[in-house]
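Printed here is run_19.csv (CSV, C-alpha atoms):
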chain,number,residue,atom,x,y,z
A,1,MET,CA,-14.1,24.5,-14.5
A,2,ALA,CA,-12.5,26.8,-12.0
A,3,ALA,CA,-9.7,28.9,-13.5
A,4,ILE,CA,-6.3,27.8,-12.5
A,5,ASN,CA,-4.8,30.1,-9.9
A,6,LYS,CA,-1.5,31.2,-11.2
A,7,GLU,CA,-0.2,32.2,-7.8
A,8,LYS,CA,-1.1,28.8,-6.4
A,9,LEU,CA,0.8,27.0,-9.2
A,10,GLU,CA,3.8,29.1,-8.5
A,11,CYS,CA,3.6,28.3,-4.8
A,12,VAL,CA,3.4,24.6,-5.5
A,13,LYS,CA,6.4,24.8,-7.8
A,14,PHE,CA,8.5,26.4,-5.1
A,15,TYR,CA,7.2,24.0,-2.5
A,16,GLU,CA,8.0,20.9,-4.6
A,17,GLU,CA,11.4,22.2,-5.5
A,18,GLY,CA,12.0,22.8,-1.8
A,19,LEU,CA,11.0,19.3,-0.9
A,20,LYS,CA,13.3,17.8,-3.5
A,21,LEU,CA,16.3,19.8,-2.1
A,22,TYR,CA,15.3,19.0,1.4
A,23,ARG,CA,15.4,15.3,0.7
A,24,GLU,CA,18.8,15.8,-0.8
A,25,ALA,CA,19.8,17.5,2.5
A,26,LYS,CA,20.4,20.8,0.7
A,27,PHE,CA,18.8,22.7,3.5
A,28,LYS,CA,20.0,26.2,2.5
A,29,GLU,CA,18.6,25.9,-1.1
A,30,ALA,CA,15.5,24.2,0.2
A,31,LEU,CA,14.9,27.0,2.7
A,32,GLU,CA,15.0,29.6,-0.1
A,33,ASN,CA,12.3,27.8,-2.0
A,34,PHE,CA,10.1,27.3,1.1
A,35,ASN,CA,10.5,30.9,1.9
A,36,LYS,CA,9.3,31.9,-1.6
A,37,ALA,CA,6.3,29.5,-1.3
A,38,PHE,CA,5.5,31.0,2.1
A,39,GLU,CA,5.7,34.5,0.8
A,40,ILE,CA,3.0,33.8,-1.8
A,41,TYR,CA,0.8,32.0,0.8
A,42,PRO,CA,1.6,33.2,4.3
A,43,ASN,CA,-0.9,30.7,5.7
A,44,ASP,CA,0.8,27.7,4.0
A,45,GLY,CA,1.3,25.3,7.0
A,46,PRO,CA,3.6,22.7,5.3
A,47,SER,CA,6.0,25.4,4.0
A,48,LYS,CA,6.1,26.9,7.5
A,49,ILE,CA,7.0,23.5,9.0
A,50,PHE,CA,9.8,22.9,6.5
A,51,ILE,CA,11.2,26.4,7.0
A,52,GLU,CA,11.6,25.5,10.7
A,53,ARG,CA,13.2,22.2,9.9
A,54,CYS,CA,15.6,23.7,7.4
A,55,LYS,CA,16.6,26.4,9.9
A,56,HIS,CA,17.2,23.8,12.5
A,57,PHE,CA,19.4,21.6,10.3
A,58,LEU,CA,21.4,24.6,9.2
A,59,LYS,CA,22.2,25.3,12.9
A,60,TYR,CA,22.5,21.6,13.9
A,61,PRO,CA,23.8,19.7,10.9
A,62,VAL,CA,22.7,16.1,10.3
A,63,SER,CA,25.0,13.3,11.2
A,64,ASP,CA,26.3,10.5,9.0
A,65,ASP,CA,23.7,8.1,10.4
A,66,TRP,CA,20.7,10.4,9.8
A,67,ASP,CA,19.9,12.5,6.8
A,68,GLY,CA,17.2,14.5,8.7
A,69,VAL,CA,14.4,13.0,6.7
A,70,PHE,CA,11.7,11.1,8.4
A,71,GLU,CA,10.5,8.8,5.8
A,72,MET,CA,9.5,5.2,5.5
A,73,LYS,CA,12.3,3.5,3.7
A,74,THR,CA,11.0,0.1,2.8
A,75,LYS,CA,13.5,-2.3,1.3
B,1,MET,CA,-25.3,-8.9,0.2
B,2,ASP,CA,-21.8,-7.5,-0.1
B,3,ILE,CA,-19.7,-8.7,-3.0
B,4,ILE,CA,-16.9,-11.0,-1.5
B,5,GLY,CA,-15.0,-11.5,-4.7
B,6,LYS,CA,-15.1,-11.3,-8.5
B,7,ILE,CA,-14.8,-14.5,-10.4
B,8,LEU,CA,-14.2,-14.8,-14.1
B,9,ILE,CA,-15.6,-18.1,-15.5
B,10,VAL,CA,-14.4,-19.3,-18.9
B,11,ASP,CA,-16.1,-22.2,-20.6
B,12,ASP,CA,-17.6,-22.7,-24.1
B,13,GLU,CA,-20.5,-24.6,-22.6
B,14,LYS,CA,-23.2,-22.2,-21.8
B,15,MET,CA,-24.7,-24.6,-19.2
B,16,THR,CA,-21.6,-24.7,-17.1
B,17,LEU,CA,-21.4,-20.9,-17.2
B,18,ASP,CA,-25.1,-20.5,-16.2
B,19,PHE,CA,-24.7,-23.1,-13.4
B,20,PHE,CA,-21.8,-21.3,-11.8
B,21,ASP,CA,-23.3,-17.9,-12.4
B,22,ILE,CA,-26.4,-18.9,-10.3
B,23,THR,CA,-24.7,-20.9,-7.6
B,24,LEU,CA,-21.7,-18.6,-7.0
B,25,SER,CA,-23.8,-15.4,-7.2
B,26,LYS,CA,-25.9,-16.7,-4.4
B,27,LEU,CA,-22.8,-16.9,-2.2
B,28,GLY,CA,-22.0,-13.3,-2.9
B,29,PHE,CA,-19.5,-13.5,-5.7
B,30,GLU,CA,-19.7,-11.3,-8.7
B,31,ILE,CA,-19.6,-13.5,-11.8
B,32,ILE,CA,-18.1,-12.5,-15.2
B,33,LYS,CA,-18.5,-15.0,-18.0
B,34,ALA,CA,-16.4,-15.7,-21.1
B,35,VAL,CA,-16.9,-18.4,-23.8
B,36,SER,CA,-13.3,-18.3,-25.3
B,37,GLY,CA,-9.7,-17.8,-24.3
B,38,GLU,CA,-9.6,-14.5,-26.2
B,39,GLU,CA,-12.7,-13.2,-24.5
B,40,ALA,CA,-11.3,-14.3,-21.1
B,41,LEU,CA,-8.1,-12.3,-21.7
B,42,ASP,CA,-10.1,-9.2,-22.7
B,43,LYS,CA,-12.4,-9.5,-19.7
B,44,LEU,CA,-9.5,-10.1,-17.4
B,45,LYS,CA,-8.2,-6.6,-18.3
B,46,LEU,CA,-11.7,-5.1,-18.2
B,47,TYR,CA,-12.9,-6.4,-14.8
B,48,SER,CA,-9.7,-7.3,-12.8
B,49,PRO,CA,-11.3,-10.4,-11.2
B,50,ASP,CA,-10.0,-12.1,-8.1
B,51,LEU,CA,-10.1,-15.6,-9.4
B,52,LEU,CA,-10.2,-17.4,-12.8
B,53,LEU,CA,-12.2,-20.6,-13.3
B,54,LEU,CA,-10.8,-21.8,-16.6
B,55,ASP,CA,-11.8,-24.7,-18.8
B,56,ASN,CA,-8.9,-26.2,-20.6
B,57,ILE,CA,-10.7,-27.3,-23.7
B,58,LEU,CA,-11.7,-24.1,-25.5
B,59,PRO,CA,-12.0,-23.1,-29.2
B,60,ASN,CA,-8.7,-21.6,-30.6
B,61,ILE,CA,-6.5,-21.1,-27.6
B,62,THR,CA,-6.6,-23.6,-24.8
B,63,GLY,CA,-6.8,-22.9,-21.0
B,64,ILE,CA,-3.2,-23.9,-20.7
B,65,GLU,CA,-2.3,-21.3,-23.3
B,66,VAL,CA,-4.4,-18.7,-21.6
B,67,THR,CA,-2.6,-19.4,-18.3
B,68,GLN,CA,0.8,-19.1,-20.0
B,69,LYS,CA,-0.1,-15.7,-21.4
B,70,ILE,CA,-1.4,-14.5,-18.1
B,71,ARG,CA,1.7,-15.7,-16.2
B,72,ASN,CA,4.4,-14.7,-18.7
B,73,ASP,CA,3.1,-12.1,-21.2
B,74,LYS,CA,4.0,-8.5,-20.2
B,75,LYS,CA,0.6,-7.4,-21.5
B,76,TYR,CA,-1.0,-9.1,-18.5
B,77,ARG,CA,1.6,-8.3,-15.9
B,78,ASN,CA,-1.0,-6.6,-13.7
B,79,PHE,CA,-2.8,-9.9,-13.4
B,80,LYS,CA,0.1,-12.3,-13.4
B,81,ASP,CA,-0.6,-13.5,-9.8
B,82,ILE,CA,-4.3,-14.1,-10.2
B,83,PRO,CA,-5.4,-17.5,-8.8
B,84,ILE,CA,-6.4,-19.9,-11.6
B,85,ILE,CA,-8.4,-23.1,-11.2
B,86,MET,CA,-8.5,-25.2,-14.3
B,87,PHE,CA,-11.4,-27.5,-15.4
B,88,SER,CA,-11.2,-30.3,-17.8
B,89,ALA,CA,-13.1,-33.3,-18.8
B,90,ILE,CA,-9.9,-35.2,-19.3
B,91,GLY,CA,-8.5,-36.5,-16.1
B,92,GLU,CA,-5.2,-37.4,-17.6
B,93,PRO,CA,-2.3,-37.0,-15.1
B,94,ASN,CA,0.0,-35.6,-17.8
B,95,GLU,CA,-2.4,-32.7,-18.5
B,96,LYS,CA,-2.7,-32.0,-14.8
B,97,VAL,CA,1.0,-31.9,-14.4
B,98,LEU,CA,1.4,-29.6,-17.4
B,99,SER,CA,-1.3,-27.3,-16.0
B,100,PHE,CA,0.5,-27.0,-12.7
B,101,GLU,CA,3.8,-26.4,-14.5
B,102,VAL,CA,2.4,-23.4,-16.4
B,103,GLY,CA,1.1,-22.0,-13.2
B,104,VAL,CA,-2.5,-23.0,-12.4
B,105,ASP,CA,-3.2,-23.1,-8.6
B,106,ASP,CA,-5.6,-26.0,-8.7
B,107,TYR,CA,-7.3,-28.4,-11.1
B,108,ILE,CA,-10.8,-29.9,-11.1
B,109,THR,CA,-11.9,-32.8,-13.3
B,110,LYS,CA,-15.4,-32.6,-14.9
B,111,PRO,CA,-18.1,-33.7,-14.0
B,112,PHE,CA,-17.6,-31.7,-10.8
B,113,ASN,CA,-19.2,-31.8,-7.5
B,114,PHE,CA,-20.2,-28.2,-6.5
B,115,SER,CA,-19.0,-28.6,-2.9
B,116,GLU,CA,-15.6,-29.7,-4.1
B,117,VAL,CA,-15.4,-26.7,-6.4
B,118,LEU,CA,-16.3,-24.5,-3.5
B,119,ALA,CA,-13.8,-26.1,-1.2
B,120,ARG,CA,-11.1,-25.6,-3.9
B,121,ILE,CA,-12.1,-21.9,-4.4
B,122,ARG,CA,-11.8,-21.4,-0.7
B,123,SER,CA,-8.4,-23.1,-0.5
B,124,VAL,CA,-7.1,-21.0,-3.4
B,125,PHE,CA,-8.3,-17.8,-1.9
B,126,ARG,CA,-6.9,-18.7,1.4
B,127,HIS,CA,-3.5,-19.4,-0.1
B,128,LYS,CA,-3.4,-16.2,-2.0
B,129,LYS,CA,-4.6,-14.1,1.0
B,130,LEU,CA,-2.0,-15.7,3.2
B,131,ALA,CA,0.8,-15.0,0.7
B,132,GLN,CA,-0.4,-11.4,0.5
B,133,GLN,CA,-0.6,-11.1,4.3
B,134,VAL,CA,3.0,-12.3,4.7
B,135,LEU,CA,4.1,-9.8,2.1
B,136,LEU,CA,2.2,-7.0,3.8
B,137,ARG,CA,3.6,-7.9,7.2
B,138,GLU,CA,7.1,-8.1,5.8
B,139,LYS,CA,6.6,-4.6,4.5
B,140,ARG,CA,5.3,-3.5,7.9
B,141,VAL,CA,8.3,-5.0,9.6
B,142,ALA,CA,10.6,-3.1,7.2
B,143,VAL,CA,8.7,0.1,7.9
B,144,LEU,CA,8.9,-0.4,11.7
B,145,GLU,CA,12.6,-1.0,11.4
B,146,SER,CA,13.0,2.3,9.5
B,147,LEU,CA,11.0,4.1,12.1
B,148,ASN,CA,13.2,2.6,14.8
B,149,ASN,CA,16.3,3.8,13.0
B,150,ASN,CA,14.7,7.3,12.7
B,151,LEU,CA,13.9,7.3,16.3
B,152,ILE,CA,17.4,6.4,17.4
B,153,ALA,CA,18.9,9.0,15.1
B,154,PHE,CA,16.4,11.6,16.2
B,155,THR,CA,17.0,11.1,19.9
B,156,LYS,CA,20.8,11.4,19.4
B,157,HIS,CA,20.3,14.5,17.2
B,158,ILE,CA,17.9,16.3,19.5
B,159,LYS,CA,20.2,16.1,22.6
B,160,LYS,CA,22.6,18.7,21.1
B,161,PRO,CA,20.2,21.6,20.8
B,162,LEU,CA,18.7,20.7,24.2
B,163,THR,CA,22.0,20.6,25.9
B,164,GLU,CA,22.9,23.9,24.4
B,165,LEU,CA,19.7,25.5,25.6
B,166,ASN,CA,20.4,24.2,29.1
B,167,GLU,CA,23.9,25.5,29.0
B,168,VAL,CA,22.7,29.0,27.9
B,169,ALA,CA,20.0,28.9,30.6
B,170,ASN,CA,22.5,28.0,33.3
B,171,GLY,CA,24.9,30.8,32.3
B,172,ILE,CA,22.3,33.5,32.5
B,173,ASP,CA,22.6,36.3,35.1
B,174,ILE,CA,19.0,36.5,36.3
B,175,ASN,CA,19.4,40.2,37.0
B,176,ASP,CA,20.4,40.9,33.4
B,177,LYS,CA,17.1,41.6,31.6
B,178,TYR,CA,18.9,41.7,28.2
B,179,GLN,CA,20.3,38.2,28.6
B,180,ILE,CA,16.9,36.8,29.7
B,181,GLN,CA,15.2,38.4,26.7
B,182,LYS,CA,17.9,36.9,24.4
B,183,PHE,CA,17.5,33.5,25.9
B,184,MET,CA,13.7,33.7,25.6
B,185,LYS,CA,14.1,34.5,21.9
B,186,LYS,CA,16.5,31.6,21.4
B,187,PHE,CA,14.2,29.3,23.3
B,188,GLU,CA,11.2,30.2,21.2
B,189,ILE,CA,13.1,29.7,17.9
B,190,ASP,CA,14.5,26.3,19.0
B,191,TYR,CA,11.2,25.2,20.4
B,192,ASN,CA,9.4,25.9,17.1
B,193,GLU,CA,12.1,24.1,15.1
B,194,MET,CA,12.2,21.1,17.3
B,195,LEU,CA,8.4,20.9,17.3
B,196,ALA,CA,8.5,20.9,13.5
B,197,LEU,CA,10.8,17.9,13.6
B,198,LEU,CA,8.6,16.1,16.1
B,199,ASN,CA,5.6,16.7,13.8
B,200,SER,CA,7.2,14.8,11.0
B,201,LEU,CA,8.0,11.9,13.3
B,202,GLU,CA,4.3,12.0,14.5
B,203,ASP,CA,3.2,11.9,10.8
B,204,GLU,CA,5.2,8.8,10.2
B,205,ILE,CA,3.8,7.0,13.3
B,206,MET,CA,0.2,7.9,12.2
B,207,GLN,CA,0.9,6.6,8.7
B,208,LEU,CA,2.1,3.3,10.2
B,209,GLN,CA,-1.1,3.1,12.3
B,210,LYS,CA,-3.1,3.5,9.1
B,211,ASN,CA,-1.2,0.8,7.3
B,212,GLY,CA,-1.8,-1.5,10.3
B,213,ASP,CA,-5.5,-0.9,10.1
B,214,LYS,CA,-5.4,-1.8,6.4
B,215,CYS,CA,-3.8,-5.1,7.3
B,216,LYS,CA,-6.7,-5.8,9.7
B,217,GLU,CA,-9.3,-5.0,7.0
B,218,ASP,CA,-7.8,-7.6,4.7
B,219,ASP,CA,-7.9,-10.2,7.5
B,220,LEU,CA,-11.6,-9.4,7.9
B,221,SER,CA,-12.5,-9.9,4.3
B,222,LEU,CA,-11.0,-13.4,4.4
B,223,TYR,CA,-13.0,-14.3,7.5
B,224,ASN,CA,-16.2,-13.0,5.7
B,225,LEU,CA,-15.5,-15.4,2.8
B,226,GLU,CA,-14.8,-18.3,5.0
B,227,ASP,CA,-17.9,-17.6,7.0
B,228,ARG,CA,-20.2,-17.7,4.0
B,229,ILE,CA,-18.7,-20.8,2.5
B,230,ASN,CA,-18.8,-22.6,5.9
B,231,LYS,CA,-22.5,-21.7,6.2
B,232,TYR,CA,-23.2,-23.0,2.7
B,233,ILE,CA,-21.4,-26.3,3.3
B,234,LYS,CA,-23.3,-26.8,6.6
B,235,THR,CA,-26.7,-26.3,5.0
B,236,GLU,CA,-25.7,-28.6,2.1
B,237,ASN,CA,-24.7,-31.3,4.5
B,238,LYS,CA,-28.1,-31.1,6.3
B,239,LEU,CA,-30.1,-31.6,3.1
Can you give me the file's structure in the form of structure tokens?
Amino acid sequence: MAAINKEKLECVKFYEEGLKLYREAKFKEALENFNKAFEIYPNDGPSKIFIERCKHFLKYPVSDDWDGVFEMKTK
Amino acid sequence: MDIIGKILIVDDEKMTLDFFDITLSKLGFEIIKAVSGEEALDKLKLYSPDLLLLDNILPNITGIEVTQKIRNDKKYRNFKDIPIIMFSAIGEPNEKVLSFEVGVDDYITKPFNFSEVLARIRSVFRHKKLAQQVLLREKRVAVLESLNNNLIAFTKHIKKPLTELNEVANGIDINDKYQIQKFMKKFEIDYNEMLALLNSLEDEIMQLQKNGDKCKEDDLSLYNLEDRINKYIKTENKL
């Protein structure tokens, strides 16, 4: 079995925390987490995309009718 | 031949089990056999069949009791919607009514005619598939509605940064290199951010596409079953 990469685990932790905060529309806190994940793995595509999205929503806040999350919301 | 469905057959008469094992296997069904209600309940969990052919008269627990357990007992909640066709030698109307009340989908009186059994299997599968398809499509409609809402919100939202970019661009003195550089920087940042938003929208659309393909696959497996049963019935009629 391959040894678990400690750095990778750390990166995933920050990413997941970022995602959680992002979904709660806490873009400032989410951005901090994605930045940390991105620092560990500078090639991490998903973190990069979320960093861009967080920055955007910090400049252009979401409105009442949209929380900024594209997600399938089934009833 | 591809397996078109898994059927669990429960009867304490070995002859019935063997008969169905041979005939239904030939049509492409995988057959699992059980000789008692207890064994049926164990094998239900073990094999997750698509259909249950259940004799009512069994040692210890009856077919009706097995049905009640499957439909109501939390232990079997993963299987509570499995189609059940009940067999019995007794053709008493009261027993039939009771069977339907506890939740069997169809009832066949022994001695049975194989073509009738097949026709009922087909009808039960068709019913279940249609119900599943309606559910799937309902979900799809809900997802499409959600996408629609996202799209409306997104288009409203994206106008603001775009308008702002346009305003900055219009206000630039084209002889001022510093202003142009500043605008280019802003443009690059805004472009990347908006592209990241567009990507997530694209992801959702692709996910929807995938779900749509899944619906079509389910339709196909039903056609496959119908096709095989029709072929069988046609050859039977010729004999």
Quiz item: Could you pull the residues within 9 Å of Lys28 (chain A), counting all atoms listed in the file, minus those fewer than 5 positions along the same chain, as an MDAnalysis selection string?
Solution: chainID A and resid 21:22 54:55 58
Centre, x/y/z edge lengths, axis-aligned box for region 46-51 of chain A with 6 Å per side, as lines of an AutoDock Vina configuration file:
center_x = 7.4
center_y = 24.8
center_z = 6.5
size_x = 19.6
size_y = 16.2
size_z = 17.0
Quiz item: Could you state the separation of CA of Leu24 (chain B) and CA of Gln132 (chain B) in Å, given to one decimal place?
Solution: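 Straight-line distance from CA of Leu24 (chain B) to CA of Gln132 (chain B) works out to 23.7 Å.
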Each chain B residue no farther than 9 Å from chain A, nearest pair in Å, all atoms listed in the file, as a Markdown table:
| residue | atom | partner | partner_atom | distance |
| --- | --- | --- | --- | --- |
| B:Lys139 | CA | A:Thr74 | CA | 6.7 |
| B:Arg140 | CA | A:Thr74 | CA | 8.5 |
| B:Val141 | CA | A:Thr74 | CA | 8.9 |
| B:Ala142 | CA | A:Thr74 | CA | 5.5 |
| B:Val143 | CA | A:Thr74 | CA | 5.6 |
| B:Leu144 | CA | A:Met72 | CA | 8.4 |
| B:Glu145 | CA | A:Thr74 | CA | 8.8 |
| B:Ser146 | CA | A:Lys73 | CA | 6.0 |
| B:Leu147 | CA | A:Met72 | CA | 6.9 |
| B:Asn149 | CA | A:Trp66 | CA | 8.6 |
| B:Asn150 | CA | A:Phe70 | CA | 6.5 |
| B:Ala153 | CA | A:Trp66 | CA | 5.8 |
| B:Phe154 | CA | A:Trp66 | CA | 7.8 |
| B:His157 | CA | A:Val62 | CA | 7.5 |
| B:Ile158 | CA | A:Tyr60 | CA | 9.0 |
| B:Lys160 | CA | A:Tyr60 | CA | 7.8 |
| B:Pro161 | CA | A:Tyr60 | CA | 7.3 |
| B:Ile189 | CA | A:Glu52 | CA | 8.5 |
| B:Asp190 | CA | A:His56 | CA | 7.5 |
| B:Asn192 | CA | A:Glu52 | CA | 6.8 |
| B:Glu193 | CA | A:Glu52 | CA | 4.6 |
| B:Met194 | CA | A:His56 | CA | 7.4 |
| B:Leu195 | CA | A:Glu52 | CA | 8.7 |
| B:Ala196 | CA | A:Ile49 | CA | 5.4 |
| B:Leu197 | CA | A:Arg53 | CA | 6.2 |
| B:Asn199 | CA | A:Ile49 | CA | 8.4 |
| B:Ser200 | CA | A:Phe70 | CA | 6.4 |
| B:Leu201 | CA | A:Phe70 | CA | 6.2 |
| B:Asp203 | CA | A:Phe70 | CA | 8.9 |
| B:Glu204 | CA | A:Glu71 | CA | 6.9 |
| B:Leu208 | CA | A:Met72 | CA | 9.0 |
What would the file look like if the residues just selected were written as a PDB file, in the frame of the given file with C-alpha atoms?
ATOM      1  CA  LYS B 139       6.600  -4.600   4.500  1.00  0.00           C
ATOM      2  CA  ARG B 140       5.300  -3.500   7.900  1.00  0.00           C
ATOM      3  CA  VAL B 141       8.300  -5.000   9.600  1.00  0.00           C
ATOM      4  CA  ALA B 142      10.600  -3.100   7.200  1.00  0.00           C
ATOM      5  CA  VAL B 143       8.700   0.100   7.900  1.00  0.00           C
ATOM      6  CA  LEU B 144       8.900  -0.400  11.700  1.00  0.00           C
ATOM      7  CA  GLU B 145      12.600  -1.000  11.400  1.00  0.00           C
ATOM      8  CA  SER B 146      13.000   2.300   9.500  1.00  0.00           C
ATOM      9  CA  LEU B 147      11.000   4.100  12.100  1.00  0.00           C
ATOM     10  CA  ASN B 149      16.300   3.800  13.000  1.00  0.00           C
ATOM     11  CA  ASN B 150      14.700   7.300  12.700  1.00  0.00           C
ATOM     12  CA  ALA B 153      18.900   9.000  15.100  1.00  0.00           C
ATOM     13  CA  PHE B 154      16.400  11.600  16.200  1.00  0.00           C
ATOM     14  CA  HIS B 157      20.300  14.500  17.200  1.00  0.00           C
ATOM     15  CA  ILE B 158      17.900  16.300  19.500  1.00  0.00           C
ATOM     16  CA  LYS B 160      22.600  18.700  21.100  1.00  0.00           C
ATOM     17  CA  PRO B 161      20.200  21.600  20.800  1.00  0.00           C
ATOM     18  CA  ILE B 189      13.100  29.700  17.900  1.00  0.00           C
ATOM     19  CA  ASP B 190      14.500  26.300  19.000  1.00  0.00           C
ATOM     20  CA  ASN B 192       9.400  25.900  17.100  1.00  0.00           C
ATOM     21  CA  GLU B 193      12.100  24.100  15.100  1.00  0.00           C
ATOM     22  CA  MET B 194      12.200  21.100  17.300  1.00  0.00           C
ATOM     23  CA  LEU B 195       8.400  20.900  17.300  1.00  0.00           C
ATOM     24  CA  ALA B 196       8.500  20.900  13.500  1.00  0.00           C
ATOM     25  CA  LEU B 197      10.800  17.900  13.600  1.00  0.00           C
ATOM     26  CA  ASN B 199       5.600  16.700  13.800  1.00  0.00           C
ATOM     27  CA  SER B 200       7.200  14.800  11.000  1.00  0.00           C
ATOM     28  CA  LEU B 201       8.000  11.900  13.300  1.00  0.00           C
ATOM     29  CA  ASP B 203       3.200  11.900  10.800  1.00  0.00           C
ATOM     30  CA  GLU B 204       5.200   8.800  10.200  1.00  0.00           C
ATOM     31  CA  LEU B 208       2.100   3.300  10.200  1.00  0.00           C
TER      32      LEU B 208
END
